[in-house]
file model20.cif (mmCIF, C-alpha atoms)
data_start
loop_
_atom_site.label_atom_id
_atom_site.label_comp_id
_atom_site.auth_asym_id
_atom_site.auth_seq_id
_atom_site.Cartn_x
_atom_site.Cartn_y
_atom_site.Cartn_z
CA MET N 117 -14.41 -2.91 -4.14
CA PRO N 118 -14.81 -6.11 -6.23
CA GLU N 119 -13.07 -9.30 -5.10
CA SER N 120 -9.43 -9.27 -6.22
CA PRO N 121 -7.94 -12.31 -8.00
CA PHE N 122 -5.91 -12.92 -4.82
CA GLU N 123 -9.03 -13.35 -2.69
CA ALA N 124 -10.60 -15.52 -5.41
CA LEU N 125 -7.52 -17.74 -5.28
CA LEU N 126 -7.58 -17.96 -1.49
CA SER N 127 -11.20 -19.06 -1.39
CA GLN N 128 -9.93 -22.50 -2.47
CA VAL N 129 -7.93 -23.04 0.74
CA ARG N 130 -10.88 -22.06 2.92
CA GLN N 131 -12.16 -25.65 2.67
CA ILE N 132 -9.30 -27.04 4.79
CA ASP N 133 -10.57 -28.37 8.15
CA GLY N 134 -9.89 -26.01 11.05
CA PHE N 135 -9.37 -23.03 8.73
CA VAL N 136 -8.98 -19.75 10.62
CA LEU N 137 -7.04 -17.46 8.28
CA GLY N 138 -5.44 -17.59 4.86
CA CYS N 139 -3.37 -14.89 3.28
CA LEU N 140 -1.16 -14.31 0.30
CA ILE N 141 2.03 -12.34 0.90
CA ASP N 142 4.62 -11.00 -1.53
CA ALA N 143 7.78 -12.80 -0.39
CA SER N 144 10.08 -9.96 -1.41
CA THR N 145 8.38 -7.02 0.30
CA GLY N 146 6.14 -8.68 2.90
CA MET N 147 3.04 -6.94 1.49
CA VAL N 148 -0.26 -8.73 2.16
CA LEU N 149 -1.96 -9.10 -1.24
CA GLY N 150 -5.19 -10.66 -0.11
CA HIS N 151 -6.71 -12.55 2.77
CA VAL N 152 -9.71 -14.58 3.84
CA GLN N 153 -10.46 -14.91 7.51
CA ASP N 154 -13.14 -16.91 9.31
CA ARG N 155 -12.42 -15.57 12.80
CA GLU N 156 -11.33 -12.08 13.71
CA ASP N 157 -9.48 -13.05 16.93
CA LEU N 158 -6.13 -13.27 15.14
CA SER N 159 -4.14 -10.24 13.94
CA LEU N 160 -3.66 -10.66 10.21
CA ARG N 161 -0.85 -8.08 10.09
CA VAL N 162 1.16 -9.77 12.84
CA ALA N 163 0.64 -13.30 11.48
CA ALA N 164 1.61 -12.22 7.94
CA ALA N 165 4.65 -10.24 9.07
CA GLY N 166 5.80 -13.16 11.21
CA ALA N 167 5.43 -15.56 8.26
CA ALA N 168 7.39 -13.19 5.99
CA ASP N 169 10.17 -12.96 8.60
CA VAL N 170 10.34 -16.76 8.95
CA ALA N 171 10.59 -17.15 5.16
CA ASN N 172 13.21 -14.40 4.96
CA VAL N 173 15.41 -16.05 7.60
CA ILE N 174 15.09 -19.48 5.97
CA SER N 175 15.95 -17.98 2.57
CA LEU N 176 19.06 -16.34 4.04
CA MET N 177 20.03 -19.64 5.67
CA ALA N 178 19.51 -21.54 2.39
CA GLY N 179 21.59 -18.86 0.66
CA GLU N 180 24.47 -19.24 3.12
CA LEU N 181 24.27 -23.04 2.98
CA ALA N 182 24.09 -23.03 -0.84
CA ALA N 183 21.38 -25.57 -0.13
CA ASN N 184 20.55 -26.27 -3.78
CA GLY N 185 16.95 -25.23 -3.35
CA GLY N 186 14.91 -22.77 -1.36
CA LEU N 187 12.08 -22.89 1.12
CA GLU N 188 9.25 -25.24 0.25
CA ASP N 189 7.19 -24.93 3.40
CA ALA N 190 7.42 -24.32 7.14
CA ILE N 191 5.05 -25.41 9.87
CA ILE N 192 4.86 -23.53 13.16
CA THR N 193 3.05 -25.31 15.96
CA LEU N 194 1.58 -23.09 18.65
CA SER N 195 -0.50 -24.46 21.49
CA GLY N 196 -3.74 -23.34 19.82
CA HIS N 197 -2.87 -23.02 16.15
CA TYR N 198 -0.83 -24.40 13.30
CA HIS N 199 0.73 -21.81 10.97
CA LEU N 200 1.51 -23.37 7.58
CA ILE N 201 3.75 -21.21 5.40
CA ARG N 202 4.28 -22.29 1.81
CA GLN N 203 6.38 -20.74 -0.93
CA PHE N 204 3.90 -20.31 -3.74
CA SER N 205 4.54 -19.30 -7.33
CA PRO N 206 1.26 -19.30 -9.28
CA ALA N 207 3.00 -17.86 -12.36
CA PRO N 208 6.61 -17.29 -13.38
CA ARG N 209 8.16 -14.20 -11.75
CA LEU N 210 5.60 -14.27 -8.92
CA GLN N 211 7.14 -15.32 -5.61
CA PHE N 212 4.41 -15.37 -2.99
CA LEU N 213 4.02 -16.90 0.43
CA LEU N 214 0.79 -18.65 1.28
CA LEU N 215 0.02 -18.56 5.00
CA VAL N 216 -2.77 -20.74 6.35
CA VAL N 217 -3.61 -20.68 10.06
CA LEU N 218 -5.58 -23.63 11.42
CA ASP N 219 -7.25 -24.31 14.75
CA ARG N 220 -5.37 -27.25 16.29
CA ALA N 221 -8.49 -28.68 17.88
CA GLU N 222 -10.21 -29.01 14.52
CA ALA N 223 -7.36 -29.56 12.06
CA ASN N 224 -5.62 -32.67 10.80
CA LEU N 225 -2.07 -31.46 10.20
CA ALA N 226 -1.04 -34.22 7.78
CA MET N 227 -4.16 -33.78 5.68
CA ALA N 228 -3.88 -29.99 5.71
CA HIS N 229 -0.23 -30.17 4.68
CA ARG N 230 -1.11 -32.44 1.79
CA GLU N 231 -4.07 -30.32 0.69
CA LEU N 232 -1.90 -27.22 0.65
CA ARG N 233 0.82 -28.98 -1.32
CA ASP N 234 -1.75 -30.27 -3.84
CA PHE N 235 -3.15 -26.75 -4.17
CA ASP N 236 0.32 -25.40 -4.87
CA MET N 237 1.19 -28.21 -7.28
CA SER N 238 -1.96 -27.52 -9.29
CA PHE N 239 -0.23 -24.30 -10.41
CA VAL N 240 3.13 -25.88 -11.30
CA GLY N 241 3.86 -25.74 -14.99
CA ARG N 242 1.26 -23.08 -15.59
CA PRO N 243 2.51 -21.75 -18.89
CA ASP N 244 1.18 -18.23 -18.85
CA SER N 245 3.04 -15.53 -16.93
CA GLY N 246 1.13 -12.60 -18.35
CA LEU N 247 4.02 -11.89 -20.69
CA PRO N 248 3.49 -11.74 -24.47
CA ASP N 249 3.84 -15.14 -26.16
CA ARG N 250 7.27 -14.37 -27.63
CA LEU N 251 8.64 -13.75 -24.12
CA GLN N 252 7.09 -16.78 -22.38
CA ARG N 253 9.54 -19.25 -20.91
CA ALA N 254 9.87 -22.51 -22.81
CA MET B 89 -7.89 28.15 -4.64
CA TYR B 90 -6.02 26.30 -7.38
CA PHE B 91 -3.61 24.36 -5.15
CA ASN B 92 -4.84 22.92 -1.86
CA ARG B 93 -2.61 23.61 1.18
CA ASP B 94 -3.45 20.45 3.16
CA PRO B 95 -0.54 18.00 3.55
CA LEU B 96 -0.76 15.43 0.73
CA ILE B 97 -1.75 12.54 3.00
CA VAL B 98 -4.54 14.61 4.57
CA ARG B 99 -5.84 15.70 1.18
CA LEU B 100 -5.79 12.13 -0.15
CA GLY B 101 -7.61 10.91 2.96
CA LYS B 102 -10.32 13.58 2.58
CA LEU B 103 -10.84 12.74 -1.10
CA ALA B 104 -11.10 9.04 -0.27
CA GLU B 105 -13.50 9.67 2.60
CA SER B 106 -15.80 11.71 0.40
CA GLY B 107 -15.80 8.99 -2.30
CA GLN B 108 -14.27 11.13 -5.05
CA THR B 109 -13.44 9.93 -8.56
CA GLY B 110 -10.62 11.67 -10.41
CA VAL B 111 -6.90 12.38 -10.30
CA LEU B 112 -4.85 14.07 -7.57
CA ARG B 113 -1.79 15.48 -9.34
CA VAL B 114 1.35 16.17 -7.30
CA SER B 115 3.91 18.67 -8.59
CA GLY B 116 7.59 19.01 -7.84
CA ALA B 117 10.70 16.88 -8.22
CA VAL B 118 8.96 13.85 -6.72
CA GLY B 119 5.82 14.52 -8.74
CA GLY B 120 3.18 12.06 -9.76
CA ALA B 121 -0.50 11.31 -9.40
CA PHE B 122 -3.09 9.27 -7.53
CA TYR B 123 -6.08 8.02 -9.51
CA LEU B 124 -9.22 7.50 -7.46
CA SER B 125 -12.54 5.82 -8.14
CA GLU B 126 -15.31 6.30 -5.57
CA GLY B 127 -12.68 6.92 -2.92
CA ASP B 128 -10.51 3.86 -3.69
CA VAL B 129 -6.99 4.36 -5.03
CA LEU B 130 -6.93 2.59 -8.40
CA TYR B 131 -3.39 3.50 -9.37
CA ALA B 132 -0.54 5.83 -8.44
CA GLU B 133 2.52 6.91 -10.39
CA SER B 134 5.60 8.94 -9.59
CA LYS B 135 8.53 10.32 -11.57
CA ARG B 136 10.98 8.32 -9.44
CA THR B 137 9.45 4.83 -9.60
CA PRO B 138 8.89 2.52 -12.60
CA GLU B 139 5.48 1.71 -14.03
CA PRO B 140 4.35 -1.94 -14.22
CA SER B 141 6.52 -3.90 -16.63
CA LYS B 142 5.81 -2.89 -20.21
CA TRP B 143 6.02 -6.57 -21.14
CA LEU B 144 2.97 -7.52 -19.10
CA VAL B 145 -0.30 -7.94 -20.94
CA PRO B 146 -3.52 -6.94 -19.16
CA PRO B 147 -5.90 -9.87 -18.70
CA GLY B 148 -9.08 -10.19 -20.69
CA GLY B 149 -10.38 -12.04 -23.66
CA HIS B 150 -8.72 -15.34 -22.77
CA PRO B 151 -10.98 -17.09 -20.26
CA GLY B 152 -9.56 -20.04 -18.37
CA GLU B 153 -6.52 -20.87 -16.30
CA ALA B 154 -4.08 -18.91 -18.45
CA ASP B 155 -6.12 -15.78 -17.95
CA ALA B 156 -6.23 -16.40 -14.19
CA ALA B 157 -2.42 -16.38 -14.15
CA ARG B 158 -2.35 -13.25 -16.33
CA SER B 159 -4.81 -11.61 -13.98
CA LEU B 160 -2.65 -12.41 -10.91
CA ALA B 161 0.53 -11.16 -12.58
CA TRP B 162 -1.13 -7.98 -13.83
CA THR B 163 -2.95 -7.19 -10.57
CA PHE B 164 0.23 -7.75 -8.58
CA ALA B 165 2.32 -5.55 -10.91
CA VAL B 166 -0.21 -2.70 -10.80
CA ARG B 167 -0.61 -2.87 -7.03
CA GLU B 168 3.15 -3.02 -6.39
CA ALA B 169 3.75 -0.05 -8.72
CA THR B 170 0.97 1.87 -6.95
CA VAL B 171 2.33 1.28 -3.45
CA ASP B 172 5.88 1.98 -4.63
CA ALA B 173 4.81 5.33 -6.10
CA ALA B 174 2.70 6.17 -3.04
CA LEU B 175 5.68 5.49 -0.75
CA GLU B 176 7.77 7.89 -2.82
CA LEU B 177 5.09 10.60 -2.99
CA LEU B 178 4.04 10.39 0.66
CA SER B 179 7.60 10.21 2.02
CA GLY B 180 8.76 13.31 0.05
CA GLY B 181 12.18 14.41 1.18
CA SER B 182 11.42 18.11 1.04
CA ARG B 183 10.57 20.05 4.21
CA HIS B 184 7.47 21.43 2.55
CA SER B 185 4.51 19.30 1.56
CA PRO B 186 4.39 19.09 -2.26
CA ARG B 187 1.72 21.12 -4.08
CA HIS B 188 -1.21 19.16 -5.39
CA ARG B 189 -4.53 19.68 -7.12
CA PHE B 190 -7.50 17.43 -7.74
CA LYS B 191 -9.45 17.09 -10.97
CA GLU B 192 -12.60 15.04 -11.37
CA LEU B 193 -12.54 12.40 -14.10
CA GLU B 194 -15.37 10.24 -15.31
CA SER B 195 -13.29 7.12 -15.81
CA PRO B 196 -9.78 7.20 -14.33
CA PRO B 197 -7.28 4.64 -15.63
CA GLY B 198 -6.95 1.40 -13.69
CA ASP B 199 -8.98 -1.59 -12.70
CA ARG B 200 -11.01 -1.66 -9.50
CA SER B 201 -9.90 -5.25 -8.72
CA SER B 202 -6.27 -4.10 -8.45
CA GLY B 203 -7.18 -0.95 -6.48
CA MET B 204 -6.89 -0.45 -2.74
CA SER B 205 -8.85 1.41 -0.12
CA PHE B 206 -7.12 4.50 1.24
CA ALA B 207 -6.84 2.83 4.67
CA ALA B 208 -5.08 -0.23 3.19
CA LEU B 209 -2.72 1.93 1.12
CA HIS B 210 -1.88 4.16 4.10
CA ALA B 211 -1.20 1.12 6.33
CA GLU B 212 1.10 -0.42 3.70
CA VAL B 213 2.99 2.84 3.11
CA THR B 214 3.47 3.26 6.89
CA ARG B 215 4.77 -0.33 7.14
CA ARG B 216 7.23 0.30 4.30
CA GLN B 217 8.39 3.56 5.85
CA GLU B 218 9.29 1.58 9.01
CA ILE B 219 11.27 -0.93 6.93
CA VAL B 220 13.04 1.87 5.05
CA LYS B 221 14.00 3.26 8.47
CA GLN B 222 15.36 -0.14 9.52
CA LEU B 223 17.44 -0.40 6.34
CA SER B 224 18.66 3.18 6.35
CA GLY B 225 21.77 2.31 8.38
CA SER B 226 22.87 -0.03 5.56
CA VAL B 227 21.28 0.98 2.30
CA THR B 228 18.71 3.33 0.80
CA ALA B 229 17.20 3.42 -2.67
CA ASP B 230 19.90 5.91 -3.69
CA THR B 231 22.97 4.32 -2.10
CA THR B 232 25.66 3.27 -4.57
CA VAL B 233 26.52 -0.40 -4.17
CA VAL B 234 29.17 -2.58 -5.80
CA ARG B 235 29.77 -6.31 -6.21
CA ASN B 236 32.36 -7.73 -3.83
CA PRO B 237 35.28 -8.97 -5.92
CA ARG B 238 36.12 -11.75 -3.46
CA ILE B 239 33.56 -14.15 -1.99
CA GLU B 240 34.78 -15.80 1.19
CA ALA B 241 32.08 -18.46 1.43
CA PRO B 242 32.66 -21.71 -0.51
CA GLY B 243 29.20 -21.43 -2.04
CA LEU B 244 26.17 -19.16 -1.90
CA GLN B 245 22.69 -19.45 -3.33
CA VAL B 246 20.64 -16.56 -4.65
CA SER B 247 17.12 -16.23 -6.02
CA ALA B 248 16.35 -15.51 -9.68
CA LEU B 249 15.66 -11.85 -8.88
CA GLN B 250 18.89 -11.52 -6.87
CA TRP B 251 20.82 -13.04 -9.77
CA ALA B 252 19.17 -10.59 -12.17
CA LEU B 253 20.36 -7.76 -9.91
CA LEU B 254 23.89 -9.12 -9.58
CA ILE B 255 24.47 -9.48 -13.31
CA ARG B 256 23.24 -5.92 -13.95
CA MET B 257 25.46 -4.33 -11.32
CA GLY B 258 27.86 -1.91 -12.98
CA ASP B 259 30.78 0.02 -11.51
CA GLY B 260 28.31 1.68 -9.20
CA SER B 261 24.57 1.19 -9.29
CA THR B 262 21.86 2.22 -6.90
CA PRO B 263 18.81 0.11 -6.10
CA ARG B 264 16.74 2.76 -7.90
CA ASP B 265 18.85 2.39 -11.11
CA LEU B 266 18.42 -1.37 -10.98
CA ALA B 267 14.69 -1.11 -10.33
CA TRP B 268 14.24 0.99 -13.49
CA GLU B 269 16.35 -1.43 -15.47
CA LEU B 270 14.26 -4.41 -14.34
CA ASP B 271 10.86 -2.66 -14.23
CA HIS B 272 10.75 -3.77 -10.60
CA SER B 273 9.63 -1.75 -7.59
CA VAL B 274 12.23 0.55 -6.01
CA PHE B 275 11.27 -0.61 -2.51
CA GLY B 276 11.42 -4.31 -3.47
CA THR B 277 14.79 -3.83 -5.15
CA THR B 278 16.19 -2.01 -2.11
CA VAL B 279 15.11 -4.91 0.12
CA GLU B 280 16.75 -7.44 -2.23
CA VAL B 281 19.96 -5.38 -2.33
CA PHE B 282 19.95 -5.40 1.48
CA ARG B 283 19.66 -9.21 1.38
CA LEU B 284 22.63 -9.36 -1.03
CA ILE B 285 24.62 -7.16 1.36
CA SER B 286 23.70 -9.60 4.15
CA LEU B 287 25.07 -12.42 1.98
CA ARG B 288 28.25 -10.31 1.50
CA LEU B 289 27.84 -10.40 -2.29
CA LEU B 290 27.43 -6.61 -2.41
CA SER B 291 28.71 -3.78 -0.33
CA VAL B 292 28.16 -0.07 -0.16
CA ALA B 293 30.59 1.73 -2.50
CA GLY B 294 33.66 2.89 -0.60
CA LEU B 295 33.22 0.37 2.21
CA ALA B 296 34.71 -3.12 2.36
CA ALA B 297 32.15 -5.87 3.04
CA SER B 298 33.31 -6.19 6.64
CA GLU B 299 32.85 -2.45 7.19
CA THR B 300 29.31 -2.25 5.81
CA PRO B 301 27.18 -1.00 8.68
CA ARG B 302 24.34 -3.19 9.77
CA ALA B 303 20.75 -1.93 9.75
CA ALA B 304 20.15 0.48 12.57
CA ASP B 305 16.97 1.07 14.48
CA ALA B 306 16.90 4.84 14.56
CA PRO B 307 14.25 5.61 17.21
CA SER B 308 15.78 3.55 20.02
CA GLY B 309 19.37 3.70 18.86
CA ARG B 310 19.57 -0.11 19.21
CA ARG B 311 21.22 -1.93 16.33
CA HIS B 312 19.71 -4.97 14.63
CA ASP B 313 21.43 -7.42 12.33
CA THR B 314 18.35 -8.19 10.30
CA MET B 315 15.38 -6.50 8.74
CA SER B 316 12.17 -7.43 10.53
CA PHE B 317 8.74 -7.25 8.93
CA LEU B 318 7.24 -8.02 12.34
CA ARG B 319 8.99 -5.07 14.01
CA ALA B 320 7.66 -2.86 11.21
CA VAL B 321 4.03 -3.60 12.15
CA THR B 322 4.36 -3.82 15.92
CA GLN B 323 6.35 -0.67 16.66
#
call {"tool": "encode", "arguments": {"input": "model20.cif", "output": "structure tokens"}}
result
Amino acid sequence: MPESPFEALLSQVRQIDGFVLGCLIDASTGMVLGHVQDREDLSLRVAAAGAADVANVISLMAGELAANGGLEDAIITLSGHYHLIRQFSPAPRLQFLLLVVLDRAEANLAMAHRELRDFDMSFVGRPDSGLPDRLQRA
Amino acid sequence: MYFNRDPLIVRLGKLAESGQTGVLRVSGAVGGAFYLSEGDVLYAESKRTPEPSKWLVPPGGHPGEADAARSLAWTFAVREATVDAALELLSGGSRHSPRHRFKELESPPGDRSSGMSFAALHAEVTRRQEIVKQLSGSVTADTTVVRNPRIEAPGLQVSALQWALLIRMGDGSTPRDLAWELDHSVFGTTVEVFRLISLRLLSVAGLAASETPRAADAPSGRRHDTMSFLRAVTQ
């Protein structure tokens, strides 16, 4: 099976120090679209499902609070790992979650957070949604 | 033998294992097809789930960042439609496994980069079946839902997709009706409708918002207030 565009996209976050696992999840259904993993000691399915649940709960909370904005990111600190969960929309109509798991002993949380934000921001304003030109958003 | 008598999931698994290329057609009310290439499932379709949005343009011919975004949108739409159809076909409501037959094709439709291995497709369908079970106490794809005329909260926030669902809600719509209208997956729409029920913006037709049953966990009989993706992969 050739590399999917999801895996190609994720290869860019593999450079973050302490990288253990990165995966792209559809925020609506919780489906894992692609993943890259440097160590196999972490269950991808459990980490992804947990991230989707966290995002779902925060979205419900933001909905109830009428918080004037949704989830941007969430950081979960475990004794051995950081789980960084970021709402990620590489094109209009696509609402993904980007989960990056880092080894605490090797990672710099502030730097990793910034790198992930910069990665996300590099897609902001991307004009092409895959829709025909006459249906593209202004 | 024209029709194979194996259960559909067994037949699909055998075709994948032997690296077949072609189409497995499924007959009956929940009919459809699986398109395979060298054992991978390139695409699936069913009569009861929408195809990828007709407005999407397949990538190609426009190298650069714009094409990367097109490629993501297209690959996601094809994969979601495939899993949605597979969930429908492999969860068939009838007591009897649907009839199916396989035909070899030289070049089945679909792109290998948006395809899935049989193992990945089966795991995802199983996960979705668990979530459907969790939601079944509140809503299914064919439950009629209505907008609540009175909103008790001073303010609520919804996503763009949830808003699109709310403004299309007629006197009585089902998640499946709305999915067809939006060219969105039936499963994804059902999950979003469940979220709107949780926000008390929708309720099941014939029940007031306060009477809408919460999602039930059928196997243990315990009741849960929320859908859990984690429970779907750990149980």
call {"tool": "resolve_selection", "arguments": {"input": "model20.cif", "expression": "the PyMOL selection byres ((chain B) within 7 of (chain N))", "output": "PDB file with C-alpha atoms, keeping the file's coordinate frame"}}
result
ATOM      1  CA  TRP B 143       6.020  -6.570 -21.140  1.00  0.00           C
ATOM      2  CA  LEU B 144       2.970  -7.520 -19.100  1.00  0.00           C
ATOM      3  CA  VAL B 145      -0.300  -7.940 -20.940  1.00  0.00           C
ATOM      4  CA  ALA B 154      -4.080 -18.910 -18.450  1.00  0.00           C
ATOM      5  CA  ALA B 157      -2.420 -16.380 -14.150  1.00  0.00           C
ATOM      6  CA  ARG B 158      -2.350 -13.250 -16.330  1.00  0.00           C
ATOM      7  CA  SER B 159      -4.810 -11.610 -13.980  1.00  0.00           C
ATOM      8  CA  LEU B 160      -2.650 -12.410 -10.910  1.00  0.00           C
ATOM      9  CA  ALA B 161       0.530 -11.160 -12.580  1.00  0.00           C
ATOM     10  CA  TRP B 162      -1.130  -7.980 -13.830  1.00  0.00           C
ATOM     11  CA  ARG B 200     -11.010  -1.660  -9.500  1.00  0.00           C
ATOM     12  CA  SER B 201      -9.900  -5.250  -8.720  1.00  0.00           C
ATOM     13  CA  SER B 202      -6.270  -4.100  -8.450  1.00  0.00           C
ATOM     14  CA  GLY B 243      29.200 -21.430  -2.040  1.00  0.00           C
ATOM     15  CA  LEU B 244      26.170 -19.160  -1.900  1.00  0.00           C
ATOM     16  CA  GLN B 245      22.690 -19.450  -3.330  1.00  0.00           C
ATOM     17  CA  VAL B 246      20.640 -16.560  -4.650  1.00  0.00           C
ATOM     18  CA  GLY B 276      11.420  -4.310  -3.470  1.00  0.00           C
ATOM     19  CA  LEU B 287      25.070 -12.420   1.980  1.00  0.00           C
ATOM     20  CA  SER B 316      12.170  -7.430  10.530  1.00  0.00           C
ATOM     21  CA  PHE B 317       8.740  -7.250   8.930  1.00  0.00           C
ATOM     22  CA  LEU B 318       7.240  -8.020  12.340  1.00  0.00           C
ATOM     23  CA  VAL B 321       4.030  -3.600  12.150  1.00  0.00           C
TER      24      VAL B 321
END
call {"tool": "atom_distance", "arguments": {"input": "model20.cif", "atom1": "atom CA of Glu176 of chain B", "atom2": "atom CA of Ser159 of chain N"}}
result
27.4 Å
call {"tool": "resolve_selection", "arguments": {"input": "model20.cif", "expression": "the PyMOL selection byres ((chain N and resi 200) around 7)", "output": "PDB file with C-alpha atoms, keeping the file's coordinate frame"}}
result
ATOM      1  CA  ALA N 190       7.420 -24.320   7.140  1.00  0.00           C
ATOM      2  CA  ILE N 191       5.050 -25.410   9.870  1.00  0.00           C
ATOM      3  CA  ILE N 192       4.860 -23.530  13.160  1.00  0.00           C
ATOM      4  CA  TYR N 198      -0.830 -24.400  13.300  1.00  0.00           C
ATOM      5  CA  HIS N 199       0.730 -21.810  10.970  1.00  0.00           C
ATOM      6  CA  ILE N 201       3.750 -21.210   5.400  1.00  0.00           C
ATOM      7  CA  ARG N 202       4.280 -22.290   1.810  1.00  0.00           C
ATOM      8  CA  LEU N 215       0.020 -18.560   5.000  1.00  0.00           C
ATOM      9  CA  VAL N 216      -2.770 -20.740   6.350  1.00  0.00           C
ATOM     10  CA  VAL N 217      -3.610 -20.680  10.060  1.00  0.00           C
TER      11      VAL N 217
END
call {"tool": "resolve_selection", "arguments": {"input": "model20.cif", "expression": "the PyMOL selection byres ((chain N and resi 134-139) around 9)", "output": "number ranges by chain"}}
result
N: 122-123, 126-127, 129-133, 140-141, 148-156, 158, 160, 164, 197, 213-224, 228
call {"tool": "atom_distance", "arguments": {"input": "model20.cif", "atom1": "atom CA of Val166 of chain B", "atom2": "atom CA of Tyr131 of chain B"}}
result
7.1 Å
call {"tool": "atom_distance", "arguments": {"input": "model20.cif", "atom1": "atom CA of Ile97 of chain B", "atom2": "atom CA of Glu192 of chain B"}}
result
18.2 Å
call {"tool": "residues_around", "arguments": {"input": "model20.cif", "residues": "Leu253 of chain B", "least_positions_apart": "3", "cutoff": "12 Å", "atoms": "only C-alpha atoms", "output": "PDB file with C-alpha atoms, keeping the file's coordinate frame"}}
result
ATOM      1  CA  VAL B 233      26.520  -0.400  -4.170  1.00  0.00           C
ATOM      2  CA  VAL B 234      29.170  -2.580  -5.800  1.00  0.00           C
ATOM      3  CA  ARG B 235      29.770  -6.310  -6.210  1.00  0.00           C
ATOM      4  CA  VAL B 246      20.640 -16.560  -4.650  1.00  0.00           C
ATOM      5  CA  SER B 247      17.120 -16.230  -6.020  1.00  0.00           C
ATOM      6  CA  ALA B 248      16.350 -15.510  -9.680  1.00  0.00           C
ATOM      7  CA  LEU B 249      15.660 -11.850  -8.880  1.00  0.00           C
ATOM      8  CA  GLN B 250      18.890 -11.520  -6.870  1.00  0.00           C
ATOM      9  CA  ARG B 256      23.240  -5.920 -13.950  1.00  0.00           C
ATOM     10  CA  MET B 257      25.460  -4.330 -11.320  1.00  0.00           C
ATOM     11  CA  GLY B 258      27.860  -1.910 -12.980  1.00  0.00           C
ATOM     12  CA  SER B 261      24.570   1.190  -9.290  1.00  0.00           C
ATOM     13  CA  THR B 262      21.860   2.220  -6.900  1.00  0.00           C
ATOM     14  CA  PRO B 263      18.810   0.110  -6.100  1.00  0.00           C
ATOM     15  CA  ARG B 264      16.740   2.760  -7.900  1.00  0.00           C
ATOM     16  CA  ASP B 265      18.850   2.390 -11.110  1.00  0.00           C
ATOM     17  CA  LEU B 266      18.420  -1.370 -10.980  1.00  0.00           C
ATOM     18  CA  ALA B 267      14.690  -1.110 -10.330  1.00  0.00           C
ATOM     19  CA  TRP B 268      14.240   0.990 -13.490  1.00  0.00           C
ATOM     20  CA  GLU B 269      16.350  -1.430 -15.470  1.00  0.00           C
ATOM     21  CA  LEU B 270      14.260  -4.410 -14.340  1.00  0.00           C
ATOM     22  CA  ASP B 271      10.860  -2.660 -14.230  1.00  0.00           C
ATOM     23  CA  HIS B 272      10.750  -3.770 -10.600  1.00  0.00           C
ATOM     24  CA  GLY B 276      11.420  -4.310  -3.470  1.00  0.00           C
ATOM     25  CA  THR B 277      14.790  -3.830  -5.150  1.00  0.00           C
ATOM     26  CA  THR B 278      16.190  -2.010  -2.110  1.00  0.00           C
ATOM     27  CA  VAL B 279      15.110  -4.910   0.120  1.00  0.00           C
ATOM     28  CA  GLU B 280      16.750  -7.440  -2.230  1.00  0.00           C
ATOM     29  CA  VAL B 281      19.960  -5.380  -2.330  1.00  0.00           C
ATOM     30  CA  PHE B 282      19.950  -5.400   1.480  1.00  0.00           C
ATOM     31  CA  ARG B 283      19.660  -9.210   1.380  1.00  0.00           C
ATOM     32  CA  LEU B 284      22.630  -9.360  -1.030  1.00  0.00           C
ATOM     33  CA  LEU B 289      27.840 -10.400  -2.290  1.00  0.00           C
ATOM     34  CA  LEU B 290      27.430  -6.610  -2.410  1.00  0.00           C
TER      35      LEU B 290
END
call {"tool": "closest_residue", "arguments": {"input": "model20.cif", "among": "N:Ala171, N:Arg230, N:Phe212, N:Met237", "to": "Phe164 of chain B", "atoms": "only C-alpha atoms"}}
result
N:Phe212
call {"tool": "axis_aligned_box", "arguments": {"input": "model20.cif", "around": "segment 187-197 of chain B", "padding_each_side": "8 Å", "output": "lines of an AutoDock Vina configuration file"}}
result
center_x = -6.8
center_y = 12.9
center_z = -9.9
size_x = 33.1
size_y = 32.5
size_z = 27.7
call {"tool": "residues_around", "arguments": {"input": "model20.cif", "residues": "Glu133 of chain B", "least_positions_apart": "2", "cutoff": "6 Å", "atoms": "all atoms listed in the file", "output": "list in words"}}
result
Gly120, Ala121 and Ala173 of chain B
call {"tool": "closest_residue", "arguments": {"input": "model20.cif", "among": "B:Gly294, B:Pro140, B:Gly110, B:Gly260", "to": "Pro196 of chain B", "atoms": "all atoms listed in the file"}}
result
B:Gly110
